[in-house]
file coords-v7.tsv (TSV, C-alpha atoms)
chain	number	residue	atom	x	y	z
A	32	MET	CA	60.36	125.42	67.35
A	33	LYS	CA	59.63	125.45	71.09
A	34	LYS	CA	63.01	123.84	71.81
A	35	LEU	CA	64.80	126.45	69.69
A	36	THR	CA	62.96	129.29	71.45
A	37	LEU	CA	63.84	127.80	74.84
A	38	ALA	CA	67.51	127.44	73.86
A	39	ILE	CA	67.67	131.06	72.67
A	40	SER	CA	65.97	132.20	75.89
A	41	LEU	CA	68.43	130.24	78.05
A	42	LEU	CA	71.40	131.63	76.10
A	43	ALA	CA	70.14	135.21	76.45
A	44	THR	CA	69.56	134.77	80.19
A	45	SER	CA	72.99	133.15	80.63
A	46	THR	CA	74.79	135.90	78.73
A	47	ALA	CA	73.03	138.56	80.76
A	48	ALA	CA	73.93	136.81	84.00
A	49	LEU	CA	77.59	136.52	83.04
A	50	SER	CA	77.80	140.13	81.96
A	51	ALA	CA	76.93	141.10	85.55
A	52	GLY	CA	80.41	139.91	86.39
A	53	ARG	CA	82.27	137.77	88.95
A	54	ASP	CA	85.98	138.00	89.62
A	55	THR	CA	86.59	134.68	91.42
A	56	ILE	CA	86.67	131.28	89.72
A	57	ASN	CA	84.34	128.76	91.37
A	58	VAL	CA	85.18	125.03	91.30
A	59	VAL	CA	83.12	122.17	92.80
A	60	GLY	CA	83.24	118.37	92.70
A	61	SER	CA	85.36	115.39	93.65
A	62	SER	CA	87.01	115.15	97.06
A	63	THR	CA	89.80	113.13	95.42
A	64	VAL	CA	90.64	115.88	92.93
A	65	TYR	CA	90.13	118.60	95.57
A	66	PRO	CA	93.76	118.57	96.87
A	67	PHE	CA	95.15	118.88	93.34
A	68	SER	CA	92.83	121.77	92.45
A	69	THR	CA	93.57	123.48	95.75
A	70	VAL	CA	97.35	123.51	95.32
A	71	VAL	CA	97.03	124.82	91.74
A	72	ALA	CA	94.56	127.49	92.91
A	73	GLU	CA	96.88	128.64	95.71
A	74	ARG	CA	99.88	128.92	93.37
A	75	PHE	CA	97.74	130.67	90.76
A	76	GLY	CA	96.50	133.21	93.30
A	77	LYS	CA	100.03	134.00	94.49
A	78	SER	CA	101.68	134.20	91.06
A	79	THR	CA	99.07	136.19	89.10
A	80	SER	CA	96.92	139.28	89.51
A	81	PHE	CA	93.77	137.12	89.68
A	82	LYS	CA	92.03	136.12	92.90
A	83	THR	CA	92.65	132.62	94.29
A	84	PRO	CA	89.94	130.32	92.86
A	85	LYS	CA	87.35	128.98	95.30
A	86	ILE	CA	87.47	125.17	95.49
A	87	GLU	CA	84.64	123.18	97.13
A	88	SER	CA	84.56	119.44	97.87
A	89	THR	CA	81.01	118.34	97.01
A	90	GLY	CA	81.63	114.87	95.58
A	91	THR	CA	81.65	114.07	91.88
A	92	GLY	CA	77.90	113.48	91.57
A	93	GLY	CA	77.01	116.52	93.64
A	94	GLY	CA	79.44	118.64	91.66
A	95	MET	CA	77.89	117.56	88.36
A	96	LYS	CA	74.42	118.61	89.54
A	97	LEU	CA	75.69	122.06	90.50
A	98	PHE	CA	77.81	122.41	87.36
A	99	CYS	CA	74.98	121.37	85.01
A	100	ALA	CA	72.32	123.52	86.69
A	101	GLY	CA	72.86	126.31	84.17
A	102	VAL	CA	75.15	129.09	82.95
A	103	GLY	CA	75.61	132.26	84.99
A	104	ILE	CA	77.57	133.76	87.87
A	105	ASP	CA	75.54	131.83	90.44
A	106	THR	CA	76.72	128.49	88.99
A	107	PRO	CA	80.21	126.88	89.11
A	108	ASP	CA	82.73	127.41	86.34
A	109	MET	CA	84.41	124.03	86.71
A	110	SER	CA	83.69	120.63	88.24
A	111	ASN	CA	86.24	118.07	89.42
A	112	ALA	CA	85.48	114.38	88.87
A	113	SER	CA	87.04	111.10	89.95
A	114	ARG	CA	85.27	109.37	87.04
A	115	ARG	CA	84.29	110.46	83.55
A	116	MET	CA	81.15	112.56	83.09
A	117	LYS	CA	78.16	110.34	82.34
A	118	LYS	CA	76.15	110.77	79.15
A	119	SER	CA	73.08	111.52	81.28
A	120	GLU	CA	74.98	114.32	83.04
A	121	LEU	CA	76.07	115.91	79.76
A	122	GLU	CA	72.46	115.72	78.58
A	123	MET	CA	71.39	117.44	81.81
A	124	CYS	CA	73.96	120.17	81.14
A	125	ILE	CA	72.70	120.74	77.60
A	126	LYS	CA	69.07	120.75	78.75
A	127	ASN	CA	69.91	123.53	81.23
A	128	GLY	CA	71.76	125.67	78.68
A	129	VAL	CA	75.31	124.45	79.37
A	130	SER	CA	75.75	123.71	75.70
A	131	ALA	CA	79.55	123.47	75.51
A	132	VAL	CA	81.69	121.58	78.04
A	133	THR	CA	85.43	120.96	77.83
A	134	GLU	CA	86.83	117.78	79.40
A	135	VAL	CA	90.30	117.76	80.98
A	136	LEU	CA	92.03	114.45	81.72
A	137	LEU	CA	94.11	115.32	84.76
A	138	GLY	CA	96.05	112.13	85.41
A	139	TYR	CA	95.54	108.84	87.23
A	140	ASP	CA	94.87	107.71	90.76
A	141	GLY	CA	94.48	104.43	92.59
A	142	ILE	CA	91.73	103.52	95.02
A	143	VAL	CA	93.21	102.11	98.19
A	144	ILE	CA	91.88	99.96	101.01
A	145	ALA	CA	94.00	101.29	103.85
A	146	ASN	CA	94.43	100.76	107.57
A	147	SER	CA	96.57	102.03	110.41
A	148	LYS	CA	100.24	101.09	110.53
A	149	LYS	CA	99.54	99.93	114.09
A	150	SER	CA	98.03	96.83	112.45
A	151	LYS	CA	99.49	94.38	109.94
A	152	GLN	CA	99.35	95.06	106.23
A	153	VAL	CA	96.59	92.96	104.70
A	154	VAL	CA	96.69	90.97	101.48
A	155	VAL	CA	93.15	90.70	100.11
A	156	SER	CA	91.54	89.79	96.80
A	157	ARG	CA	88.74	91.64	95.05
A	158	LYS	CA	86.59	88.51	95.48
A	159	GLU	CA	87.14	88.65	99.25
A	160	LEU	CA	86.31	92.37	99.32
A	161	PHE	CA	83.08	91.64	97.44
A	162	LEU	CA	82.20	88.93	99.97
A	163	ALA	CA	82.95	91.34	102.81
A	164	LEU	CA	80.99	94.34	101.55
A	165	ALA	CA	78.28	93.26	99.10
A	166	LYS	CA	74.66	93.50	100.23
A	167	GLU	CA	73.96	89.99	98.97
A	168	ILE	CA	76.41	87.21	98.17
A	169	PRO	CA	76.18	83.70	96.69
A	170	ALA	CA	74.84	81.12	99.14
A	171	LEU	CA	77.57	79.38	101.13
A	172	ASP	CA	76.30	75.94	100.03
A	173	GLY	CA	77.53	76.65	96.50
A	174	SER	CA	74.08	76.91	94.95
A	175	GLU	CA	73.24	79.61	92.42
A	176	LYS	CA	71.18	81.77	94.73
A	177	LEU	CA	71.82	84.90	96.76
A	178	VAL	CA	71.61	85.40	100.52
A	179	ALA	CA	71.93	88.44	102.78
A	180	ASN	CA	75.62	88.92	103.60
A	181	PRO	CA	76.27	86.83	106.75
A	182	TYR	CA	79.94	87.70	107.34
A	183	LYS	CA	80.82	89.57	110.53
A	184	THR	CA	84.61	89.15	110.70
A	185	TRP	CA	87.32	89.08	108.02
A	186	ASN	CA	88.66	85.63	108.96
A	187	GLU	CA	85.23	84.09	108.32
A	188	ILE	CA	85.88	84.81	104.65
A	189	ASN	CA	89.51	83.67	104.67
A	190	PRO	CA	91.39	82.38	107.77
A	191	SER	CA	94.47	84.36	106.66
A	192	LEU	CA	92.58	87.65	107.07
A	193	PRO	CA	92.36	89.45	110.45
A	194	ALA	CA	90.13	88.00	113.18
A	195	THR	CA	88.48	91.39	113.59
A	196	LYS	CA	85.05	92.84	112.84
A	197	ILE	CA	84.55	93.95	109.24
A	198	GLU	CA	84.42	97.73	109.45
A	199	VAL	CA	85.07	99.83	106.35
A	200	LEU	CA	84.81	103.61	106.16
A	201	GLY	CA	84.13	104.91	102.68
A	202	PRO	CA	82.53	107.55	100.47
A	203	PRO	CA	78.77	107.95	99.87
A	204	PRO	CA	76.89	107.22	96.61
A	205	THR	CA	77.43	110.81	95.38
A	206	SER	CA	81.18	110.19	95.23
A	207	GLY	CA	83.06	109.23	92.08
A	208	THR	CA	85.35	107.18	94.30
A	209	ARG	CA	82.33	105.13	95.40
A	210	ASP	CA	81.34	104.60	91.75
A	211	ALA	CA	84.86	103.51	90.84
A	212	PHE	CA	85.15	101.28	93.93
A	213	ALA	CA	81.90	99.53	92.99
A	214	GLU	CA	83.01	99.01	89.41
A	215	LEU	CA	86.67	98.13	89.91
A	216	VAL	CA	86.62	96.32	93.25
A	217	LEU	CA	83.14	94.95	93.99
A	218	GLU	CA	82.28	94.06	90.40
A	219	GLY	CA	85.83	92.82	89.90
A	220	GLY	CA	85.24	90.31	92.70
A	221	CYS	CA	81.60	89.61	91.86
A	222	LYS	CA	82.35	88.34	88.37
A	223	LYS	CA	84.67	85.70	89.81
A	224	PHE	CA	81.45	83.72	90.27
A	225	PRO	CA	80.79	82.28	86.76
A	226	TRP	CA	76.99	82.18	87.08
A	227	ILE	CA	76.87	85.86	88.06
A	228	LYS	CA	79.33	86.81	85.32
A	229	ALA	CA	77.12	85.05	82.75
A	230	MET	CA	74.18	87.17	83.93
A	231	LYS	CA	75.84	90.30	82.47
A	232	LYS	CA	74.85	89.10	78.98
A	233	THR	CA	71.31	88.04	79.85
A	234	ASN	CA	70.24	90.60	82.48
A	235	LYS	CA	72.69	93.48	82.76
A	236	LYS	CA	70.53	95.44	85.22
A	237	LYS	CA	70.26	92.53	87.66
A	238	TYR	CA	73.99	91.84	87.28
A	239	LYS	CA	74.84	95.43	88.18
A	240	ASN	CA	72.44	95.43	91.14
A	241	ILE	CA	74.11	92.33	92.56
A	242	CYS	CA	77.68	93.45	91.94
A	243	HIS	CA	77.38	97.13	92.97
A	244	ALA	CA	75.01	97.00	95.96
A	245	VAL	CA	76.84	97.68	99.25
A	246	ARG	CA	75.58	96.17	102.52
A	247	GLU	CA	73.52	98.45	104.75
A	248	ASP	CA	74.05	96.86	108.19
A	249	HIS	CA	76.68	99.37	109.39
A	250	VAL	CA	79.62	97.25	108.19
A	251	TYR	CA	80.27	99.76	105.42
A	252	ILE	CA	80.10	103.19	107.01
A	253	GLU	CA	79.54	106.22	104.80
A	254	ALA	CA	81.99	108.87	105.97
A	255	GLY	CA	80.88	111.76	103.76
A	256	GLU	CA	82.96	113.54	101.15
A	257	ASN	CA	85.79	114.39	103.56
A	258	ASP	CA	88.61	111.90	102.97
A	259	ASN	CA	90.70	113.57	105.68
A	260	LEU	CA	88.01	112.52	108.18
A	261	ILE	CA	88.44	108.87	107.13
A	262	VAL	CA	92.19	109.21	107.62
A	263	GLN	CA	91.65	110.54	111.16
A	264	LYS	CA	89.24	107.73	112.05
A	265	LEU	CA	91.64	105.05	110.81
A	266	THR	CA	94.38	106.49	112.99
A	267	ALA	CA	92.03	106.27	115.98
A	268	ASN	CA	90.74	102.76	115.15
A	269	PRO	CA	93.48	100.29	114.06
A	270	ASN	CA	90.91	97.59	113.26
A	271	ALA	CA	89.02	99.67	110.67
A	272	PHE	CA	89.76	100.04	106.97
A	273	GLY	CA	89.15	103.04	104.74
A	274	VAL	CA	88.46	103.50	101.03
A	275	PHE	CA	89.90	106.62	99.35
A	276	GLY	CA	92.27	107.83	96.65
A	277	PHE	CA	95.99	106.99	96.60
A	278	SER	CA	96.93	110.64	97.03
A	279	PHE	CA	95.51	110.65	100.57
A	280	LEU	CA	97.50	107.51	101.42
A	281	ASP	CA	100.60	109.10	99.93
A	282	GLN	CA	100.14	112.21	102.10
A	283	ASN	CA	99.59	110.10	105.25
A	284	SER	CA	102.11	107.30	104.71
A	285	ASP	CA	103.61	107.91	108.16
A	286	THR	CA	100.44	106.58	109.85
A	287	LEU	CA	98.58	104.56	107.19
A	288	GLN	CA	99.33	101.67	104.84
A	289	GLY	CA	97.56	100.35	101.78
A	290	SER	CA	96.39	96.76	101.57
A	291	LYS	CA	97.75	94.59	98.78
A	292	VAL	CA	94.89	93.93	96.38
A	293	ASP	CA	95.23	90.71	94.39
A	294	GLY	CA	98.80	90.61	95.68
A	295	VAL	CA	99.83	94.09	94.47
A	296	ALA	CA	100.52	97.03	96.78
A	297	PRO	CA	99.19	100.50	95.88
A	298	THR	CA	102.31	102.40	94.83
A	299	PHE	CA	103.04	105.24	92.43
A	300	GLU	CA	104.82	102.80	90.11
A	301	GLY	CA	102.12	100.11	90.36
A	302	ILE	CA	99.36	102.55	89.42
A	303	SER	CA	101.47	104.11	86.66
A	304	ASP	CA	102.30	100.79	84.97
A	305	GLY	CA	98.81	99.32	85.47
A	306	SER	CA	99.86	96.40	87.68
A	307	TYR	CA	97.79	97.67	90.62
A	308	PRO	CA	94.26	96.51	89.69
A	309	VAL	CA	92.27	99.37	91.24
A	310	SER	CA	93.23	102.52	89.34
A	311	ARG	CA	91.16	105.14	87.51
A	312	PRO	CA	91.51	108.38	85.51
A	313	LEU	CA	90.76	111.77	87.09
A	314	TYR	CA	89.10	114.70	85.29
A	315	PHE	CA	87.79	118.19	85.57
A	316	TYR	CA	85.24	119.95	83.37
A	317	VAL	CA	84.94	123.56	82.23
A	318	LYS	CA	82.02	125.59	80.86
A	319	LYS	CA	83.09	127.20	77.59
A	320	ALA	CA	80.66	130.10	78.12
A	321	HIS	CA	82.31	130.90	81.46
A	322	ALA	CA	85.84	130.50	80.14
A	323	ASN	CA	85.19	133.36	77.77
A	324	ASN	CA	83.58	135.61	80.38
A	325	ILE	CA	84.89	134.94	83.91
A	326	PRO	CA	88.31	136.61	84.39
A	327	GLY	CA	91.24	134.24	84.84
A	328	ILE	CA	89.76	130.92	83.73
A	329	LEU	CA	91.91	130.55	80.61
A	330	GLU	CA	95.00	131.52	82.61
A	331	PHE	CA	94.03	129.04	85.37
A	332	LEU	CA	93.64	126.27	82.77
A	333	LYS	CA	97.06	127.13	81.38
A	334	GLU	CA	98.62	126.84	84.86
A	335	PHE	CA	96.73	123.62	85.66
A	336	THR	CA	97.86	121.87	82.47
A	337	SER	CA	101.40	123.23	82.54
A	338	GLU	CA	104.49	121.03	82.67
A	339	ALA	CA	105.24	122.57	86.08
A	340	ALA	CA	101.90	121.28	87.46
A	341	MET	CA	100.82	118.17	85.54
A	342	GLY	CA	104.17	117.13	84.08
A	343	GLU	CA	106.08	114.01	85.09
A	344	GLU	CA	108.16	116.08	87.53
A	345	GLY	CA	105.33	118.54	88.25
A	346	TYR	CA	104.30	119.71	91.69
A	347	LEU	CA	101.04	117.71	91.53
A	348	THR	CA	103.03	114.46	91.54
A	349	ASP	CA	104.24	115.51	95.00
A	350	LYS	CA	100.58	115.38	96.03
A	351	GLY	CA	100.17	111.83	94.71
A	352	LEU	CA	98.95	112.42	91.15
A	353	ILE	CA	100.08	109.79	88.63
A	354	PRO	CA	101.00	111.88	85.55
A	355	LEU	CA	99.87	111.31	81.97
A	356	GLY	CA	103.24	111.28	80.26
A	357	GLU	CA	104.59	113.96	77.92
A	358	GLU	CA	102.83	112.97	74.68
A	359	ARG	CA	99.39	112.53	76.30
A	360	LEU	CA	99.77	115.75	78.29
A	361	ASN	CA	100.57	117.72	75.13
A	362	LYS	CA	97.36	116.43	73.52
A	363	VAL	CA	95.32	117.29	76.61
A	364	ARG	CA	96.85	120.76	76.84
A	365	LYS	CA	96.10	121.50	73.18
A	366	SER	CA	92.50	120.33	73.58
A	367	VAL	CA	91.96	122.32	76.78
A	368	LEU	CA	93.42	125.61	75.63
A	369	SER	CA	91.32	125.47	72.47
A	370	LEU	CA	88.24	124.66	74.62
A	371	THR	CA	87.38	121.56	72.58
A	372	GLU	CA	83.75	120.56	73.22
A	373	LEU	CA	83.03	117.17	74.83
A	374	LYS	CA	81.05	114.68	72.76
A	375	LEU	CA	79.85	111.46	74.44

call {"tool": "encode", "arguments": {"input": "coords-v7.tsv", "output": "structure tokens"}}
result
Amino acid sequence: MKKLTLAISLLATSTAALSAGRDTINVVGSSTVYPFSTVVAERFGKSTSFKTPKIESTGTGGGMKLFCAGVGIDTPDMSNASRRMKKSELEMCIKNGVSAVTEVLLGYDGIVIANSKKSKQVVVSRKELFLALAKEIPALDGSEKLVANPYKTWNEINPSLPATKIEVLGPPPTSGTRDAFAELVLEGGCKKFPWIKAMKKTNKKKYKNICHAVREDHVYIEAGENDNLIVQKLTANPNAFGVFGFSFLDQNSDTLQGSKVDGVAPTFEGISDGSYPVSRPLYFYVKKAHANNIPGILEFLKEFTSEAAMGEEGYLTDKGLIPLGEERLNKVRKSVLSLTELKL
């Protein structure tokens, strides 16, 4: 009974807050999705009578906290994400009165390990990246125990890698790119050790701690949620590497190059056909309560999911988005415009 009373109270408060009105759409979240949202927002503002939506780059995790804080004009309408919303985040939304959320699959992106074109292109495996960046690694004597990561230079791991200090600029823990990098790259290399891989069945928590923990001795440098800042630093330091979405590499291909991971270069085609091993889906999320009350949201969703934007020849592909394909896009568009509620 108390839960029902609380839910009714939250709904009444939310409805009252929305009725006060706001005429600008507010979007938070992923720095990777930020460029895509921004270009759609700019076109939307110029081609309609609605104001240009406000897009903020807060990181996926930070965006989810803001998005799920409640319903009302002082909370965001949408949140961008470079990974899927977690069950715990949806539960947080519901607890705070955000009872109906619509999920939008935007397209696909690759995570790149890039460096300046002033240096050679590197060919590196996920196992080598794990050995370079993990907090603890298997002992060098081959025994089944862990030691603090001793590696200082790339060629200590593999003589074919550069004889330079390991220095990688990347996103912080609040970033969806960091989550995806840990899962796709670090864990991908970690499980190459059979005794660690076997641990996933017996002690999943310990397995994840080993495979996802990044070293904290200034070898991996958290560069905030601003991927453009990483790009600038790589241009200034040819020996450093950066971790960010393919779209940023695509937009800076005159100065930066992507490393080949497990022998495959990060290209539009390689991510699209799945041959590049470090790719992930991109999303954004919408509050159904806001979509029905904040002016322009339904029209913005229609523009975002249009053939002109998200289609195979859409303007978002010029920004580096890997499109869904016609059949998948039609399903997404139908789901979005009907504000289908997310169930995890």

call {"tool": "atom_distance", "arguments": {"input": "coords-v7.tsv", "atom1": "atom CA of Ala179 of chain A", "atom2": "atom CA of Gly289 of chain A"}}
result
28.3 Å

call {"tool": "closest_residue", "arguments": {"input": "coords-v7.tsv", "among": "A:Ile86, A:Val317, A:Ala244, A:Val102", "to": "Val70 of chain A", "atoms": "all atoms listed in the file"}}
result
A:Ile86

call {"tool": "atom_distance", "arguments": {"input": "coords-v7.tsv", "atom1": "atom CA of Phe272 of chain A", "atom2": "atom CA of Gly201 of chain A"}}
result
8.6 Å

call {"tool": "residues_around", "arguments": {"input": "coords-v7.tsv", "residues": "segment 194-198 of chain A", "least_positions_apart": "2", "cutoff": "7 Å", "atoms": "only C-alpha atoms", "output": "list of chain:residue names"}}
result
A:Lys183, A:Thr184, A:Trp185, A:Asn186, A:Leu192, A:Leu200, A:Val250, A:Tyr251, A:Asn270, A:Ala271, A:Phe272

call {"tool": "write_last_selection", "arguments": {"input": "coords-v7.tsv", "atoms": "C-alpha atoms", "output": "mmCIF file, in the coordinates of the input"}}
result
data_model
loop_
_atom_site.group_PDB
_atom_site.id
_atom_site.type_symbol
_atom_site.label_atom_id
_atom_site.label_comp_id
_atom_site.auth_asym_id
_atom_site.auth_seq_id
_atom_site.Cartn_x
_atom_site.Cartn_y
_atom_site.Cartn_z
ATOM 1 C CA LYS A 183 80.820 89.570 110.530
ATOM 2 C CA THR A 184 84.610 89.150 110.700
ATOM 3 C CA TRP A 185 87.320 89.080 108.020
ATOM 4 C CA ASN A 186 88.660 85.630 108.960
ATOM 5 C CA LEU A 192 92.580 87.650 107.070
ATOM 6 C CA LEU A 200 84.810 103.610 106.160
ATOM 7 C CA VAL A 250 79.620 97.250 108.190
ATOM 8 C CA TYR A 251 80.270 99.760 105.420
ATOM 9 C CA ASN A 270 90.910 97.590 113.260
ATOM 10 C CA ALA A 271 89.020 99.670 110.670
ATOM 11 C CA PHE A 272 89.760 100.040 106.970
#

call {"tool": "residues_around", "arguments": {"input": "coords-v7.tsv", "residues": "Leu280 of chain A", "least_positions_apart": "6", "cutoff": "9 Å", "atoms": "only C-alpha atoms", "output": "mmCIF file with C-alpha atoms, in the frame of the given file"}}
result
data_model
loop_
_atom_site.group_PDB
_atom_site.id
_atom_site.type_symbol
_atom_site.label_atom_id
_atom_site.label_comp_id
_atom_site.auth_asym_id
_atom_site.auth_seq_id
_atom_site.Cartn_x
_atom_site.Cartn_y
_atom_site.Cartn_z
ATOM 1 C CA VAL A 143 93.210 102.110 98.190
ATOM 2 C CA ALA A 145 94.000 101.290 103.850
ATOM 3 C CA VAL A 262 92.190 109.210 107.620
ATOM 4 C CA THR A 286 100.440 106.580 109.850
ATOM 5 C CA LEU A 287 98.580 104.560 107.190
ATOM 6 C CA GLN A 288 99.330 101.670 104.840
ATOM 7 C CA GLY A 289 97.560 100.350 101.780
ATOM 8 C CA GLY A 351 100.170 111.830 94.710
#

call {"tool": "residues_around", "arguments": {"input": "coords-v7.tsv", "residues": "His321 of chain A", "least_positions_apart": "3", "cutoff": "9 Å", "atoms": "only C-alpha atoms", "output": "NGL selection string"}}
result
:A and (49 or 102-104 or 107-109 or 317-318 or 324-326 or 328)

call {"tool": "residues_near_point", "arguments": {"input": "coords-v7.tsv", "point": "(75.7, 118.1, 85.0)", "cutoff": "7 Å", "atoms": "all atoms listed in the file", "output": "NGL selection string"}}
result
:A and (95-100 or 120-121 or 123-124)

call {"tool": "atom_distance", "arguments": {"input": "coords-v7.tsv", "atom1": "atom CA of Phe67 of chain A", "atom2": "atom CA of Thr205 of chain A"}}
result
19.6 Å

call {"tool": "closest_residue", "arguments": {"input": "coords-v7.tsv", "among": "A:Lys319, A:Arg246, A:Lys350, A:Lys118", "to": "Thr133 of chain A", "atoms": "only C-alpha atoms"}}
result
A:Lys319

call {"tool": "closest_residue", "arguments": {"input": "coords-v7.tsv", "among": "A:Thr348, A:Asn180, A:Ser174, A:Thr55", "to": "Ser303 of chain A", "atoms": "all atoms listed in the file"}}
result
A:Thr348

call {"tool": "closest_residue", "arguments": {"input": "coords-v7.tsv", "among": "A:Lys222, A:Lys362, A:Arg209, A:Lys231", "to": "Val274 of chain A", "atoms": "all atoms listed in the file"}}
result
A:Arg209

call {"tool": "residues_around", "arguments": {"input": "coords-v7.tsv", "residues": "Lys176 of chain A", "least_positions_apart": "4", "cutoff": "12 Å", "atoms": "only C-alpha atoms", "output": "PyMOL selection string"}}
result
chain A and resi 167-172+224+226-227+241

call {"tool": "write_last_selection", "arguments": {"input": "coords-v7.tsv", "atoms": "C-alpha atoms", "output": "mmCIF file, in the frame of the given file"}}
result
data_model
loop_
_atom_site.group_PDB
_atom_site.id
_atom_site.type_symbol
_atom_site.label_atom_id
_atom_site.label_comp_id
_atom_site.auth_asym_id
_atom_site.auth_seq_id
_atom_site.Cartn_x
_atom_site.Cartn_y
_atom_site.Cartn_z
ATOM 1 C CA GLU A 167 73.960 89.990 98.970
ATOM 2 C CA ILE A 168 76.410 87.210 98.170
ATOM 3 C CA PRO A 169 76.180 83.700 96.690
ATOM 4 C CA ALA A 170 74.840 81.120 99.140
ATOM 5 C CA LEU A 171 77.570 79.380 101.130
ATOM 6 C CA ASP A 172 76.300 75.940 100.030
ATOM 7 C CA PHE A 224 81.450 83.720 90.270
ATOM 8 C CA TRP A 226 76.990 82.180 87.080
ATOM 9 C CA ILE A 227 76.870 85.860 88.060
ATOM 10 C CA ILE A 241 74.110 92.330 92.560
#

call {"tool": "residues_around", "arguments": {"input": "coords-v7.tsv", "residues": "Gly207 of chain A", "least_positions_apart": "4", "cutoff": "8 Å", "atoms": "all atoms listed in the file", "output": "list in words"}}
result
Ser61, Gly90, Thr91, Gly92, Ala112, Ser113, Arg114 and Ala211 of chain A

call {"tool": "closest_residue", "arguments": {"input": "coords-v7.tsv", "among": "A:Glu334, A:Asp54, A:Glu247, A:Asp258", "to": "Tyr346 of chain A", "atoms": "all atoms listed in the file"}}
result
A:Glu334

call {"tool": "build_atoms", "arguments": {"input": "coords-v7.tsv", "residues": "segment 323-339 of chain A", "atoms": "N, CA and C atoms", "output": "PDB file, keeping the file's coordinate frame"}}
result
ATOM      1  N   ASN A 323      85.067 132.153  78.583  1.00  0.00           N
ATOM      2  CA  ASN A 323      85.190 133.360  77.770  1.00  0.00           C
ATOM      3  C   ASN A 323      84.704 134.625  78.479  1.00  0.00           C
ATOM      4  N   ASN A 324      84.165 134.458  79.702  1.00  0.00           N
ATOM      5  CA  ASN A 324      83.580 135.610  80.380  1.00  0.00           C
ATOM      6  C   ASN A 324      84.057 135.847  81.812  1.00  0.00           C
ATOM      7  N   ILE A 325      84.406 134.778  82.529  1.00  0.00           N
ATOM      8  CA  ILE A 325      84.890 134.940  83.910  1.00  0.00           C
ATOM      9  C   ILE A 325      86.392 135.180  83.880  1.00  0.00           C
ATOM     10  N   PRO A 326      86.877 136.286  84.444  1.00  0.00           N
ATOM     11  CA  PRO A 326      88.310 136.610  84.390  1.00  0.00           C
ATOM     12  C   PRO A 326      89.187 135.529  85.019  1.00  0.00           C
ATOM     13  N   GLY A 327      90.223 135.129  84.284  1.00  0.00           N
ATOM     14  CA  GLY A 327      91.240 134.240  84.840  1.00  0.00           C
ATOM     15  C   GLY A 327      91.090 132.771  84.512  1.00  0.00           C
ATOM     16  N   ILE A 328      89.952 132.357  83.955  1.00  0.00           N
ATOM     17  CA  ILE A 328      89.760 130.920  83.730  1.00  0.00           C
ATOM     18  C   ILE A 328      90.771 130.364  82.733  1.00  0.00           C
ATOM     19  N   LEU A 329      90.960 131.049  81.605  1.00  0.00           N
ATOM     20  CA  LEU A 329      91.910 130.550  80.610  1.00  0.00           C
ATOM     21  C   LEU A 329      93.327 130.501  81.172  1.00  0.00           C
ATOM     22  N   GLU A 330      93.667 131.497  81.981  1.00  0.00           N
ATOM     23  CA  GLU A 330      95.000 131.520  82.610  1.00  0.00           C
ATOM     24  C   GLU A 330      95.128 130.394  83.653  1.00  0.00           C
ATOM     25  N   PHE A 331      94.033 130.124  84.372  1.00  0.00           N
ATOM     26  CA  PHE A 331      94.030 129.040  85.370  1.00  0.00           C
ATOM     27  C   PHE A 331      94.182 127.682  84.673  1.00  0.00           C
ATOM     28  N   LEU A 332      93.512 127.504  83.541  1.00  0.00           N
ATOM     29  CA  LEU A 332      93.640 126.270  82.770  1.00  0.00           C
ATOM     30  C   LEU A 332      95.069 126.084  82.269  1.00  0.00           C
ATOM     31  N   LYS A 333      95.681 127.194  81.862  1.00  0.00           N
ATOM     32  CA  LYS A 333      97.060 127.130  81.380  1.00  0.00           C
ATOM     33  C   LYS A 333      98.009 126.702  82.496  1.00  0.00           C
ATOM     34  N   GLU A 334      97.802 127.234  83.712  1.00  0.00           N
ATOM     35  CA  GLU A 334      98.620 126.840  84.860  1.00  0.00           C
ATOM     36  C   GLU A 334      98.374 125.383  85.228  1.00  0.00           C
ATOM     37  N   PHE A 335      97.093 124.977  85.251  1.00  0.00           N
ATOM     38  CA  PHE A 335      96.730 123.620  85.660  1.00  0.00           C
ATOM     39  C   PHE A 335      97.360 122.574  84.749  1.00  0.00           C
ATOM     40  N   THR A 336      97.367 122.849  83.442  1.00  0.00           N
ATOM     41  CA  THR A 336      97.860 121.870  82.470  1.00  0.00           C
ATOM     42  C   THR A 336      99.332 122.084  82.109  1.00  0.00           C
ATOM     43  N   SER A 337      99.998 122.939  82.831  1.00  0.00           N
ATOM     44  CA  SER A 337     101.400 123.230  82.540  1.00  0.00           C
ATOM     45  C   SER A 337     102.300 122.055  82.917  1.00  0.00           C
ATOM     46  N   GLU A 338     103.486 122.047  82.333  1.00  0.00           N
ATOM     47  CA  GLU A 338     104.490 121.030  82.670  1.00  0.00           C
ATOM     48  C   GLU A 338     104.851 121.121  84.151  1.00  0.00           C
ATOM     49  N   ALA A 339     104.878 122.353  84.668  1.00  0.00           N
ATOM     50  CA  ALA A 339     105.240 122.570  86.080  1.00  0.00           C
ATOM     51  C   ALA A 339     104.230 121.945  87.028  1.00  0.00           C
TER      52      ALA A 339
END
